[in-house]
Amino acid sequence: MRKTIIITLVLFFLTLLSAVPADPRPVTVTQPNGKILTFYIKGDEFVHWCETLDGYTLLYNDNGNLEYACQLEDSTLVSSGILASNEEFRDEDDCNFLSLVAKHLFFSSSQVKAMRSKDN
């Protein structure tokens with residue numbers, strides 16, 4: 001009996017230590033500007049972000065809306081101030097901005113460290 005309790009406790013604590021990956025299914029929302037956005041949620045419960053179907057990194061702004069992400073010179077990932085949308089709904093300004101932004105951007109190492117320490 002004692003052995004079963006110990007094994008159960010060990011398994012319980014191991015599940016607390018492991019990160020759970022994000023749901024791989026795409027999510028669709030309507031942005032405040034009326035444009036449709038379908039995206040993937042990436043990461044786990046510690047470090048997470050979103051990506052458009054064509055690979056642009058997204059971050060939530062202060063109002064809870066998704067914007068394209070961009071990187072500062074020190075590699076810090078920040079919201080651009082430009083609401084994201086599906087490729088077929090992007091206007092010329094969106095396309096011009098995205099021509100200057102790399103796809104699949106990721107947080108700086110200091111951002112990842114801060115996220116992991118905040119959640120642990």
# chains A, B, ... in the order shown; residues from 1 in each chain; ligands from 1

$ residues_around --residues "Ala84 (chain A)" --least-positions-apart "6" --cutoff "6 Å" --atoms "only C-alpha atoms" --output "JSON, numbers by chain"
{"A": [66, 67, 68]}

$ select_by_dssp --residues "chain A" --states "strand (DSSP E or B)" --output "JSON list (two decimals) with N, CA and C atoms, in the first residue's frame"
[["chain", "number", "residue", "atom", "x", "y", "z"],
["A", 21, "PRO", "N", 1.59, 21.01, -24.14],
["A", 21, "PRO", "CA", 1.60, 21.75, -25.40],
["A", 21, "PRO", "C", 0.23, 22.33, -25.74],
["A", 27, "VAL", "N", -7.58, 28.35, -34.64],
["A", 27, "VAL", "CA", -8.64, 29.12, -33.99],
["A", 27, "VAL", "C", -9.00, 30.28, -34.92],
["A", 28, "THR", "N", -10.28, 30.60, -35.04],
["A", 28, "THR", "CA", -10.72, 31.72, -35.88],
["A", 28, "THR", "C", -11.46, 32.73, -35.03],
["A", 29, "VAL", "N", -11.09, 34.01, -35.19],
["A", 29, "VAL", "CA", -11.76, 35.12, -34.49],
["A", 29, "VAL", "C", -12.01, 36.25, -35.48],
["A", 30, "THR", "N", -12.89, 37.15, -35.10],
["A", 30, "THR", "CA", -13.09, 38.38, -35.86],
["A", 30, "THR", "C", -12.45, 39.50, -35.05],
["A", 36, "ILE", "N", -11.23, 38.87, -40.46],
["A", 36, "ILE", "CA", -11.16, 37.52, -39.91],
["A", 36, "ILE", "C", -9.70, 37.12, -39.74],
["A", 37, "LEU", "N", -9.42, 36.44, -38.62],
["A", 37, "LEU", "CA", -8.07, 35.95, -38.35],
["A", 37, "LEU", "C", -8.16, 34.50, -37.91],
["A", 38, "THR", "N", -7.46, 33.64, -38.62],
["A", 38, "THR", "CA", -7.33, 32.23, -38.23],
["A", 38, "THR", "C", -5.87, 32.02, -37.86],
["A", 39, "PHE", "N", -5.63, 31.42, -36.70],
["A", 39, "PHE", "CA", -4.26, 31.31, -36.21],
["A", 39, "PHE", "C", -4.08, 30.03, -35.40],
["A", 40, "TYR", "N", -2.82, 29.72, -35.15],
["A", 40, "TYR", "CA", -2.45, 28.60, -34.29],
["A", 40, "TYR", "C", -1.93, 29.16, -32.97],
["A", 41, "ILE", "N", -2.26, 28.48, -31.90],
["A", 41, "ILE", "CA", -1.66, 28.80, -30.61],
["A", 41, "ILE", "C", -0.45, 27.89, -30.46],
["A", 42, "LYS", "N", 0.68, 28.47, -30.13],
["A", 42, "LYS", "CA", 1.94, 27.73, -30.05],
["A", 42, "LYS", "C", 2.46, 27.75, -28.61],
["A", 43, "GLY", "N", 3.33, 26.81, -28.31],
["A", 43, "GLY", "CA", 4.00, 26.80, -27.02],
["A", 43, "GLY", "C", 3.33, 25.90, -26.00],
["A", 44, "ASP", "N", 3.51, 26.26, -24.73],
["A", 44, "ASP", "CA", 2.94, 25.51, -23.62],
["A", 44, "ASP", "C", 2.42, 26.50, -22.59],
["A", 48, "HIS", "N", 4.06, 31.00, -24.48],
["A", 48, "HIS", "CA", 3.07, 30.81, -25.54],
["A", 48, "HIS", "C", 2.92, 32.08, -26.37],
["A", 49, "TRP", "N", 2.55, 31.84, -27.63],
["A", 49, "TRP", "CA", 2.35, 32.90, -28.60],
["A", 49, "TRP", "C", 1.42, 32.34, -29.67],
["A", 50, "CYS", "N", 1.10, 33.13, -30.66],
["A", 50, "CYS", "CA", 0.24, 32.67, -31.74],
["A", 50, "CYS", "C", 0.94, 32.92, -33.07],
["A", 51, "GLU", "N", 0.52, 32.20, -34.10],
["A", 51, "GLU", "CA", 1.04, 32.39, -35.46],
["A", 51, "GLU", "C", -0.11, 32.33, -36.46],
["A", 52, "THR", "N", -0.03, 33.20, -37.48],
["A", 52, "THR", "CA", -0.99, 33.13, -38.57],
["A", 52, "THR", "C", -0.77, 31.83, -39.33],
["A", 57, "THR", "N", 4.24, 35.71, -36.54],
["A", 57, "THR", "CA", 4.06, 35.63, -35.10],
["A", 57, "THR", "C", 3.09, 36.72, -34.63],
["A", 58, "LEU", "N", 2.22, 36.36, -33.71],
["A", 58, "LEU", "CA", 1.20, 37.27, -33.19],
["A", 58, "LEU", "C", 1.33, 37.38, -31.67],
["A", 59, "LEU", "N", 1.02, 38.56, -31.16],
["A", 59, "LEU", "CA", 0.96, 38.78, -29.72],
["A", 59, "LEU", "C", -0.32, 39.54, -29.41],
["A", 60, "TYR", "N", -0.83, 39.34, -28.20],
["A", 60, "TYR", "CA", -2.00, 40.09, -27.76],
["A", 60, "TYR", "C", -1.60, 41.50, -27.35],
["A", 66, "LEU", "N", -5.25, 40.52, -31.26],
["A", 66, "LEU", "CA", -3.99, 40.00, -31.79],
["A", 66, "LEU", "C", -3.39, 40.95, -32.82],
["A", 67, "GLU", "N", -2.10, 41.23, -32.62],
["A", 67, "GLU", "CA", -1.33, 42.07, -33.53],
["A", 67, "GLU", "C", -0.12, 41.29, -34.03],
["A", 68, "TYR", "N", 0.39, 41.70, -35.19],
["A", 68, "TYR", "CA", 1.63, 41.12, -35.67],
["A", 68, "TYR", "C", 2.74, 41.48, -34.70],
["A", 69, "ALA", "N", 3.64, 40.55, -34.47],
["A", 69, "ALA", "CA", 4.79, 40.80, -33.60],
["A", 69, "ALA", "C", 5.98, 41.25, -34.44],
["A", 70, "CYS", "N", 6.85, 41.98, -33.82],
["A", 70, "CYS", "CA", 8.13, 42.33, -34.44],
["A", 70, "CYS", "C", 9.20, 42.30, -33.36],
["A", 71, "GLN", "N", 10.46, 42.31, -33.78],
["A", 71, "GLN", "CA", 11.55, 42.23, -32.82],
["A", 71, "GLN", "C", 12.32, 43.53, -32.77],
["A", 77, "LEU", "N", 10.66, 40.48, -28.36],
["A", 77, "LEU", "CA", 9.46, 40.38, -29.19],
["A", 77, "LEU", "C", 8.40, 41.32, -28.63],
["A", 78, "VAL", "N", 7.83, 42.17, -29.49],
["A", 78, "VAL", "CA", 6.82, 43.15, -29.08],
["A", 78, "VAL", "C", 5.68, 43.19, -30.09],
["A", 79, "SER", "N", 4.53, 43.66, -29.65],
["A", 79, "SER", "CA", 3.40, 43.87, -30.55],
["A", 79, "SER", "C", 3.69, 45.08, -31.44],
["A", 80, "SER", "N", 3.25, 45.00, -32.68],
["A", 80, "SER", "CA", 3.56, 46.05, -33.65],
["A", 80, "SER", "C", 2.55, 47.20, -33.63],
["A", 81, "GLY", "N", 1.36, 46.96, -33.09],
["A", 81, "GLY", "CA", 0.31, 47.96, -33.16],
["A", 81, "GLY", "C", -0.58, 47.78, -34.38],
["A", 82, "ILE", "N", -0.30, 46.75, -35.18],
["A", 82, "ILE", "CA", -1.08, 46.49, -36.39],
["A", 82, "ILE", "C", -1.89, 45.21, -36.18],
["A", 83, "LEU", "N", -3.23, 45.34, -36.22],
["A", 83, "LEU", "CA", -4.09, 44.18, -36.04],
["A", 83, "LEU", "C", -3.84, 43.16, -37.14]]

$ residues_around --residues "Phe89 (chain A)" --least-positions-apart "3" --cutoff "8 Å" --atoms "only C-alpha atoms" --output "MDAnalysis selection string"
chainID A and resid 35:36 85:86

$ closest_residue --among "A:Pro32, A:Asp54, A:Gly64, A:Ser75" --to "Val112 (chain A)" --atoms "only C-alpha atoms"
A:Ser75

$ closest_residue --among "A:Asn96, A:Glu87, A:Ser117, A:Ser110" --to "Tyr56 (chain A)" --atoms "only C-alpha atoms"
A:Glu87

$ select_by_dssp --residues "region 24-112 of chain A" --states "alpha helix (DSSP H)" --output "PyMOL selection string"
chain A and resi 92-98+109-112

$ closest_residue --among "A:Gly55, A:Phe46, A:Arg116, A:Gln31" --to "Ala102 (chain A)" --atoms "only C-alpha atoms"
A:Gly55

$ atom_distance --atom1 "CA of Cys95 (chain A)" --atom2 "CA of Asp74 (chain A)"
24.4 Å

$ atom_distance --atom1 "CA of Leu72 (chain A)" --atom2 "CA of Ser108 (chain A)"
9.6 Å

$ closest_residue --among "A:Asp94, A:Asp23, A:Glu45, A:Asp62" --to "Lys118 (chain A)" --atoms "only C-alpha atoms"
A:Glu45

$ atom_distance --atom1 "CA of His104 (chain A)" --atom2 "CA of Thr76 (chain A)"
13.7 Å

$ decode --residues "region 106-119 of chain A" --atoms "N, CA and C atoms" --output "PDB file, in the first residue's frame"
ATOM      1  N   PHE A 106      10.491  34.534 -32.471  1.00  0.00           N
ATOM      2  CA  PHE A 106      10.384  33.945 -31.143  1.00  0.00           C
ATOM      3  C   PHE A 106      10.924  34.922 -30.108  1.00  0.00           C
ATOM      4  N   PHE A 107      10.506  34.731 -28.889  1.00  0.00           N
ATOM      5  CA  PHE A 107      10.911  35.593 -27.788  1.00  0.00           C
ATOM      6  C   PHE A 107      12.429  35.576 -27.578  1.00  0.00           C
ATOM      7  N   SER A 108      12.942  36.653 -27.018  1.00  0.00           N
ATOM      8  CA  SER A 108      14.359  36.691 -26.642  1.00  0.00           C
ATOM      9  C   SER A 108      14.570  35.740 -25.471  1.00  0.00           C
ATOM     10  N   SER A 109      15.812  35.367 -25.240  1.00  0.00           N
ATOM     11  CA  SER A 109      16.099  34.447 -24.140  1.00  0.00           C
ATOM     12  C   SER A 109      15.717  35.060 -22.793  1.00  0.00           C
ATOM     13  N   SER A 110      15.859  36.366 -22.642  1.00  0.00           N
ATOM     14  CA  SER A 110      15.475  37.000 -21.373  1.00  0.00           C
ATOM     15  C   SER A 110      13.952  36.987 -21.190  1.00  0.00           C
ATOM     16  N   GLN A 111      13.192  37.116 -22.281  1.00  0.00           N
ATOM     17  CA  GLN A 111      11.737  37.020 -22.176  1.00  0.00           C
ATOM     18  C   GLN A 111      11.308  35.611 -21.773  1.00  0.00           C
ATOM     19  N   VAL A 112      11.933  34.605 -22.380  1.00  0.00           N
ATOM     20  CA  VAL A 112      11.600  33.213 -22.055  1.00  0.00           C
ATOM     21  C   VAL A 112      11.931  32.940 -20.589  1.00  0.00           C
ATOM     22  N   LYS A 113      13.089  33.390 -20.159  1.00  0.00           N
ATOM     23  CA  LYS A 113      13.495  33.186 -18.762  1.00  0.00           C
ATOM     24  C   LYS A 113      12.492  33.848 -17.814  1.00  0.00           C
ATOM     25  N   ALA A 114      12.057  35.060 -18.126  1.00  0.00           N
ATOM     26  CA  ALA A 114      11.093  35.769 -17.281  1.00  0.00           C
ATOM     27  C   ALA A 114       9.758  35.042 -17.246  1.00  0.00           C
ATOM     28  N   MET A 115       9.294  34.534 -18.390  1.00  0.00           N
ATOM     29  CA  MET A 115       8.015  33.817 -18.436  1.00  0.00           C
ATOM     30  C   MET A 115       8.081  32.536 -17.614  1.00  0.00           C
ATOM     31  N   ARG A 116       9.184  31.825 -17.757  1.00  0.00           N
ATOM     32  CA  ARG A 116       9.306  30.558 -17.025  1.00  0.00           C
ATOM     33  C   ARG A 116       9.433  30.796 -15.516  1.00  0.00           C
ATOM     34  N   SER A 117      10.124  31.839 -15.114  1.00  0.00           N
ATOM     35  CA  SER A 117      10.278  32.079 -13.675  1.00  0.00           C
ATOM     36  C   SER A 117       8.988  32.641 -13.079  1.00  0.00           C
ATOM     37  N   LYS A 118       8.223  33.382 -13.859  1.00  0.00           N
ATOM     38  CA  LYS A 118       6.958  33.939 -13.374  1.00  0.00           C
ATOM     39  C   LYS A 118       5.941  32.844 -13.105  1.00  0.00           C
ATOM     40  N   ASP A 119       5.931  31.829 -13.946  1.00  0.00           N
ATOM     41  CA  ASP A 119       4.934  30.762 -13.819  1.00  0.00           C
ATOM     42  C   ASP A 119       5.355  29.638 -12.877  1.00  0.00           C
TER      43      ASP A 119
END
